[in-house]
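A.B. asks: If it helps, the file is called model-v3.pdb and holds PDB, N, CA and C atoms:
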ATOM      1  N   MET F   1      85.114  21.285 -50.487  1.00  0.00           N
ATOM      2  CA  MET F   1      84.775  19.967 -50.982  1.00  0.00           C
ATOM      3  C   MET F   1      85.911  19.472 -51.882  1.00  0.00           C
ATOM      4  N   ASN F   2      86.348  18.226 -51.643  1.00  0.00           N
ATOM      5  CA  ASN F   2      87.407  17.629 -52.453  1.00  0.00           C
ATOM      6  C   ASN F   2      86.829  16.922 -53.666  1.00  0.00           C
ATOM      7  N   THR F   3      87.481  17.100 -54.770  1.00  0.00           N
ATOM      8  CA  THR F   3      87.118  16.331 -55.947  1.00  0.00           C
ATOM      9  C   THR F   3      87.883  15.012 -55.889  1.00  0.00           C
ATOM     10  N   SER F   4      87.514  14.094 -56.745  1.00  0.00           N
ATOM     11  CA  SER F   4      88.224  12.810 -56.796  1.00  0.00           C
ATOM     12  C   SER F   4      89.697  13.021 -57.113  1.00  0.00           C
ATOM     13  N   ALA F   5      89.984  13.946 -58.032  1.00  0.00           N
ATOM     14  CA  ALA F   5      91.368  14.218 -58.407  1.00  0.00           C
ATOM     15  C   ALA F   5      92.150  14.788 -57.225  1.00  0.00           C
ATOM     16  N   GLN F   6      91.537  15.665 -56.481  1.00  0.00           N
ATOM     17  CA  GLN F   6      92.216  16.235 -55.315  1.00  0.00           C
ATOM     18  C   GLN F   6      92.478  15.156 -54.265  1.00  0.00           C
ATOM     19  N   ALA F   7      91.505  14.292 -54.052  1.00  0.00           N
ATOM     20  CA  ALA F   7      91.672  13.210 -53.082  1.00  0.00           C
ATOM     21  C   ALA F   7      92.788  12.270 -53.524  1.00  0.00           C
ATOM     22  N   ALA F   8      92.846  11.983 -54.833  1.00  0.00           N
ATOM     23  CA  ALA F   8      93.906  11.122 -55.354  1.00  0.00           C
ATOM     24  C   ALA F   8      95.271  11.780 -55.187  1.00  0.00           C
ATOM     25  N   ASP F   9      95.365  13.069 -55.458  1.00  0.00           N
ATOM     26  CA  ASP F   9      96.627  13.785 -55.269  1.00  0.00           C
ATOM     27  C   ASP F   9      97.065  13.760 -53.811  1.00  0.00           C
ATOM     28  N   GLU F  10      96.142  13.988 -52.915  1.00  0.00           N
ATOM     29  CA  GLU F  10      96.467  13.969 -51.484  1.00  0.00           C
ATOM     30  C   GLU F  10      96.969  12.589 -51.075  1.00  0.00           C
ATOM     31  N   TRP F  11      96.300  11.534 -51.551  1.00  0.00           N
ATOM     32  CA  TRP F  11      96.727  10.167 -51.236  1.00  0.00           C
ATOM     33  C   TRP F  11      98.123   9.916 -51.792  1.00  0.00           C
ATOM     34  N   TRP F  12      98.336  10.307 -53.057  1.00  0.00           N
ATOM     35  CA  TRP F  12      99.627  10.076 -53.708  1.00  0.00           C
ATOM     36  C   TRP F  12     100.763  10.708 -52.921  1.00  0.00           C
ATOM     37  N   HIS F  13     100.545  11.917 -52.440  1.00  0.00           N
ATOM     38  CA  HIS F  13     101.597  12.643 -51.728  1.00  0.00           C
ATOM     39  C   HIS F  13     101.848  12.111 -50.325  1.00  0.00           C
ATOM     40  N   THR F  14     100.972  11.233 -49.824  1.00  0.00           N
ATOM     41  CA  THR F  14     101.224  10.616 -48.517  1.00  0.00           C
ATOM     42  C   THR F  14     102.104   9.374 -48.649  1.00  0.00           C
ATOM     43  N   LEU F  15     102.307   8.893 -49.872  1.00  0.00           N
ATOM     44  CA  LEU F  15     103.090   7.678 -50.085  1.00  0.00           C
ATOM     45  C   LEU F  15     104.584   7.966 -50.027  1.00  0.00           C
ATOM     46  N   PRO F  16     105.349   7.007 -49.518  1.00  0.00           N
ATOM     47  CA  PRO F  16     106.807   7.180 -49.552  1.00  0.00           C
ATOM     48  C   PRO F  16     107.299   7.086 -51.006  1.00  0.00           C
ATOM     49  N   PRO F  17     108.434   7.722 -51.303  1.00  0.00           N
ATOM     50  CA  PRO F  17     108.946   7.734 -52.678  1.00  0.00           C
ATOM     51  C   PRO F  17     109.128   6.335 -53.275  1.00  0.00           C
ATOM     52  N   GLU F  18     109.544   5.371 -52.458  1.00  0.00           N
ATOM     53  CA  GLU F  18     109.738   4.012 -52.968  1.00  0.00           C
ATOM     54  C   GLU F  18     108.419   3.426 -53.467  1.00  0.00           C
ATOM     55  N   ARG F  19     107.349   3.679 -52.740  1.00  0.00           N
ATOM     56  CA  ARG F  19     106.039   3.149 -53.133  1.00  0.00           C
ATOM     57  C   ARG F  19     105.536   3.855 -54.393  1.00  0.00           C
ATOM     58  N   ARG F  20     105.759   5.151 -54.491  1.00  0.00           N
ATOM     59  CA  ARG F  20     105.366   5.878 -55.703  1.00  0.00           C
ATOM     60  C   ARG F  20     106.065   5.300 -56.918  1.00  0.00           C
ATOM     61  N   ALA F  21     107.375   5.042 -56.792  1.00  0.00           N
ATOM     62  CA  ALA F  21     108.152   4.480 -57.900  1.00  0.00           C
ATOM     63  C   ALA F  21     107.628   3.097 -58.267  1.00  0.00           C
ATOM     64  N   GLN F  22     107.291   2.294 -57.255  1.00  0.00           N
ATOM     65  CA  GLN F  22     106.775   0.957 -57.508  1.00  0.00           C
ATOM     66  C   GLN F  22     105.447   1.017 -58.274  1.00  0.00           C
ATOM     67  N   ILE F  23     104.552   1.870 -57.855  1.00  0.00           N
ATOM     68  CA  ILE F  23     103.258   2.012 -58.526  1.00  0.00           C
ATOM     69  C   ILE F  23     103.457   2.533 -59.941  1.00  0.00           C
ATOM     70  N   HIS F  24     104.343   3.494 -60.107  1.00  0.00           N
ATOM     71  CA  HIS F  24     104.594   4.055 -61.433  1.00  0.00           C
ATOM     72  C   HIS F  24     105.114   2.983 -62.385  1.00  0.00           C
ATOM     73  N   ARG F  25     106.046   2.143 -61.904  1.00  0.00           N
ATOM     74  CA  ARG F  25     106.568   1.060 -62.757  1.00  0.00           C
ATOM     75  C   ARG F  25     105.458   0.083 -63.124  1.00  0.00           C
ATOM     76  N   TRP F  26     104.552  -0.192 -62.201  1.00  0.00           N
ATOM     77  CA  TRP F  26     103.457  -1.122 -62.462  1.00  0.00           C
ATOM     78  C   TRP F  26     102.490  -0.546 -63.496  1.00  0.00           C
ATOM     79  N   VAL F  27     102.148   0.723 -63.370  1.00  0.00           N
ATOM     80  CA  VAL F  27     101.187   1.352 -64.272  1.00  0.00           C
ATOM     81  C   VAL F  27     101.806   1.630 -65.636  1.00  0.00           C
ATOM     82  N   ASP F  28     103.069   1.990 -65.681  1.00  0.00           N
ATOM     83  CA  ASP F  28     103.708   2.438 -66.917  1.00  0.00           C
ATOM     84  C   ASP F  28     104.432   1.328 -67.683  1.00  0.00           C
ATOM     85  N   ARG F  29     104.345   0.096 -67.218  1.00  0.00           N
ATOM     86  CA  ARG F  29     105.083  -0.978 -67.897  1.00  0.00           C
ATOM     87  C   ARG F  29     104.499  -1.236 -69.287  1.00  0.00           C
ATOM     88  N   PRO F  30     105.344  -1.675 -70.198  1.00  0.00           N
ATOM     89  CA  PRO F  30     104.840  -1.968 -71.542  1.00  0.00           C
ATOM     90  C   PRO F  30     103.928  -3.198 -71.504  1.00  0.00           C
ATOM     91  N   HIS F  31     102.867  -3.137 -72.266  1.00  0.00           N
ATOM     92  CA  HIS F  31     101.925  -4.245 -72.311  1.00  0.00           C
ATOM     93  C   HIS F  31     102.310  -5.157 -73.466  1.00  0.00           C
ATOM     94  N   THR F  32     102.791  -6.323 -73.122  1.00  0.00           N
ATOM     95  CA  THR F  32     103.176  -7.277 -74.147  1.00  0.00           C
ATOM     96  C   THR F  32     102.485  -8.597 -73.858  1.00  0.00           C
ATOM     97  N   HIS F  33     102.280  -9.341 -74.885  1.00  0.00           N
ATOM     98  CA  HIS F  33     101.687 -10.656 -74.746  1.00  0.00           C
ATOM     99  C   HIS F  33     102.566 -11.644 -75.474  1.00  0.00           C
ATOM    100  N   HIS F  34     102.993 -12.649 -74.773  1.00  0.00           N
ATOM    101  CA  HIS F  34     103.808 -13.682 -75.370  1.00  0.00           C
ATOM    102  C   HIS F  34     102.947 -14.923 -75.552  1.00  0.00           C
ATOM    103  N   GLU F  35     102.997 -15.486 -76.741  1.00  0.00           N
ATOM    104  CA  GLU F  35     102.221 -16.687 -77.005  1.00  0.00           C
ATOM    105  C   GLU F  35     102.804 -17.870 -76.239  1.00  0.00           C
ATOM    106  N   THR F  36     101.915 -18.715 -75.768  1.00  0.00           N
ATOM    107  CA  THR F  36     102.297 -19.925 -75.068  1.00  0.00           C
ATOM    108  C   THR F  36     102.141 -21.094 -76.034  1.00  0.00           C
ATOM    109  N   PRO F  37     103.110 -21.986 -76.098  1.00  0.00           N
ATOM    110  CA  PRO F  37     102.965 -23.130 -76.997  1.00  0.00           C
ATOM    111  C   PRO F  37     101.664 -23.894 -76.700  1.00  0.00           C
ATOM    112  N   GLY F  38     100.905 -24.184 -77.750  1.00  0.00           N
ATOM    113  CA  GLY F  38      99.648 -24.905 -77.599  1.00  0.00           C
ATOM    114  C   GLY F  38      98.469 -24.016 -77.277  1.00  0.00           C
ATOM    115  N   GLN F  39      98.713 -22.729 -77.157  1.00  0.00           N
ATOM    116  CA  GLN F  39      97.646 -21.794 -76.827  1.00  0.00           C
ATOM    117  C   GLN F  39      96.680 -21.678 -78.002  1.00  0.00           C
ATOM    118  N   ILE F  40      95.389 -21.709 -77.702  1.00  0.00           N
ATOM    119  CA  ILE F  40      94.370 -21.580 -78.739  1.00  0.00           C
ATOM    120  C   ILE F  40      94.037 -20.109 -78.903  1.00  0.00           C
ATOM    121  N   GLU F  41      94.071 -19.654 -80.149  1.00  0.00           N
ATOM    122  CA  GLU F  41      93.778 -18.250 -80.418  1.00  0.00           C
ATOM    123  C   GLU F  41      92.286 -17.980 -80.247  1.00  0.00           C
ATOM    124  N   ILE F  42      91.967 -16.918 -79.557  1.00  0.00           N
ATOM    125  CA  ILE F  42      90.582 -16.493 -79.390  1.00  0.00           C
ATOM    126  C   ILE F  42      90.318 -15.409 -80.421  1.00  0.00           C
ATOM    127  N   PRO F  43      89.381 -15.663 -81.333  1.00  0.00           N
ATOM    128  CA  PRO F  43      89.101 -14.637 -82.337  1.00  0.00           C
ATOM    129  C   PRO F  43      88.424 -13.420 -81.694  1.00  0.00           C
ATOM    130  N   ILE F  44      89.022 -12.287 -81.855  1.00  0.00           N
ATOM    131  CA  ILE F  44      88.465 -11.046 -81.314  1.00  0.00           C
ATOM    132  C   ILE F  44      88.073 -10.177 -82.496  1.00  0.00           C
ATOM    133  N   PRO F  45      86.776  -9.908 -82.643  1.00  0.00           N
ATOM    134  CA  PRO F  45      86.354  -9.097 -83.783  1.00  0.00           C
ATOM    135  C   PRO F  45      86.930  -7.688 -83.707  1.00  0.00           C
ATOM    136  N   THR F  46      87.302  -7.160 -84.852  1.00  0.00           N
ATOM    137  CA  THR F  46      87.854  -5.810 -84.895  1.00  0.00           C
ATOM    138  C   THR F  46      86.795  -4.775 -85.249  1.00  0.00           C
ATOM    139  N   THR F  47      85.629  -5.243 -85.679  1.00  0.00           N
ATOM    140  CA  THR F  47      84.524  -4.332 -85.968  1.00  0.00           C
ATOM    141  C   THR F  47      83.304  -4.779 -85.176  1.00  0.00           C
ATOM    142  N   GLN F  48      82.462  -3.852 -84.872  1.00  0.00           N
ATOM    143  CA  GLN F  48      81.274  -4.143 -84.093  1.00  0.00           C
ATOM    144  C   GLN F  48      80.093  -4.355 -85.052  1.00  0.00           C
ATOM    145  N   LYS F  49      79.388  -5.476 -84.869  1.00  0.00           N
ATOM    146  CA  LYS F  49      78.226  -5.733 -85.696  1.00  0.00           C
ATOM    147  C   LYS F  49      77.078  -4.865 -85.238  1.00  0.00           C
ATOM    148  N   GLU F  50      76.302  -4.434 -86.191  1.00  0.00           N
ATOM    149  CA  GLU F  50      75.147  -3.615 -85.879  1.00  0.00           C
ATOM    150  C   GLU F  50      74.021  -4.503 -85.391  1.00  0.00           C
ATOM    151  N   VAL F  51      73.443  -4.161 -84.245  1.00  0.00           N
ATOM    152  CA  VAL F  51      72.342  -4.938 -83.678  1.00  0.00           C
ATOM    153  C   VAL F  51      71.041  -4.397 -84.230  1.00  0.00           C
ATOM    154  N   THR F  52      70.216  -5.299 -84.774  1.00  0.00           N
ATOM    155  CA  THR F  52      68.925  -4.867 -85.322  1.00  0.00           C
ATOM    156  C   THR F  52      67.800  -5.455 -84.527  1.00  0.00           C
TER     157      THR F  52
END
So that I can check it, write out the structure of this file as structure tokens.

C.D. replies:
Amino acid sequence: MNTSAQAADEWWHTLPPERRAQIHRWVDRPHTHHETPGQIEIPIPTTQKEVT
């Protein structure tokens, strides 16, 4: 029986090296956000309120 990890490894090893590199660059890219002029800031709470 294959586990999900084993199935993922098998799939990964069927890919050509160019595709592996492409996926790796997509997954490993730095996450940055650049503000757009006129963009409205969305307040995102940093703490979770307790529900009563």

A.B. asks: Using only the atoms of stretch 26-30 of chain F listed in the file, plus 3 Å on each side, state the axis-aligned box centre and edge lengths in Å rounded to one decimal, as AutoDock Vina command-line options.

C.D. replies:
--center_x 103.3 --center_y -0.4 --center_z -66.9 --size_x 10.2 --size_y 11.6 --size_z 15.3

A.B. asks: Where does DSSP see helix (DSSP H, G or I) in stretch 7-44 of chain F, if you list the residues as a PyMOL selection string?

C.D. replies: chain F and resi 7-14+17-28

A.B. asks: What does the distance between atom N of F:His24 and atom N of F:Trp12 come to in Å, to one decimal place?

C.D. replies: 11.5 Å

A.B. asks: What gap, in Å, lies between atom CA of F:Ala21 and atom CA of F:Asp9?

C.D. replies: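 Taking atom CA of F:Ala21 and atom CA of F:Asp9, their separation equals 15.0 Å.
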
A.B. asks: Atom CA of F:His31 to atom CA of F:Thr46: how many Å, to one decimal?

C.D. replies: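 That distance, rounded to one decimal, is 18.9 Å.
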
A.B. asks: Please complete stretch 28-40 of chain F with N, CA, C and O atoms and give it back as a tab-separated table (two decimals), in the frame of the given file.

C.D. replies:
chain	number	residue	atom	x	y	z
F	28	ASP	N	103.07	1.99	-65.68
F	28	ASP	CA	103.71	2.44	-66.92
F	28	ASP	C	104.43	1.33	-67.68
F	28	ASP	O	105.03	1.59	-68.70
F	29	ARG	N	104.34	0.10	-67.22
F	29	ARG	CA	105.08	-0.98	-67.90
F	29	ARG	C	104.50	-1.24	-69.29
F	29	ARG	O	103.29	-1.06	-69.50
F	30	PRO	N	105.34	-1.68	-70.20
F	30	PRO	CA	104.84	-1.97	-71.54
F	30	PRO	C	103.93	-3.20	-71.50
F	30	PRO	O	104.18	-4.15	-70.77
F	31	HIS	N	102.87	-3.14	-72.27
F	31	HIS	CA	101.92	-4.24	-72.31
F	31	HIS	C	102.31	-5.16	-73.47
F	31	HIS	O	102.20	-4.78	-74.63
F	32	THR	N	102.79	-6.32	-73.12
F	32	THR	CA	103.18	-7.28	-74.15
F	32	THR	C	102.48	-8.60	-73.86
F	32	THR	O	102.14	-8.91	-72.72
F	33	HIS	N	102.28	-9.34	-74.89
F	33	HIS	CA	101.69	-10.66	-74.75
F	33	HIS	C	102.57	-11.64	-75.47
F	33	HIS	O	102.86	-11.47	-76.66
F	34	HIS	N	102.99	-12.65	-74.77
F	34	HIS	CA	103.81	-13.68	-75.37
F	34	HIS	C	102.95	-14.92	-75.55
F	34	HIS	O	102.25	-15.35	-74.64
F	35	GLU	N	103.00	-15.49	-76.74
F	35	GLU	CA	102.22	-16.69	-77.00
F	35	GLU	C	102.80	-17.87	-76.24
F	35	GLU	O	104.01	-17.99	-76.09
F	36	THR	N	101.92	-18.72	-75.77
F	36	THR	CA	102.30	-19.92	-75.07
F	36	THR	C	102.14	-21.09	-76.03
F	36	THR	O	101.12	-21.18	-76.71
F	37	PRO	N	103.11	-21.99	-76.10
F	37	PRO	CA	102.96	-23.13	-77.00
F	37	PRO	C	101.66	-23.89	-76.70
F	37	PRO	O	101.35	-24.16	-75.54
F	38	GLY	N	100.90	-24.18	-77.75
F	38	GLY	CA	99.65	-24.90	-77.60
F	38	GLY	C	98.47	-24.02	-77.28
F	38	GLY	O	97.34	-24.49	-77.16
F	39	GLN	N	98.71	-22.73	-77.16
F	39	GLN	CA	97.65	-21.79	-76.83
F	39	GLN	C	96.68	-21.68	-78.00
F	39	GLN	O	97.09	-21.59	-79.15
F	40	ILE	N	95.39	-21.71	-77.70
F	40	ILE	CA	94.37	-21.58	-78.74
F	40	ILE	C	94.04	-20.11	-78.90
F	40	ILE	O	93.77	-19.41	-77.93
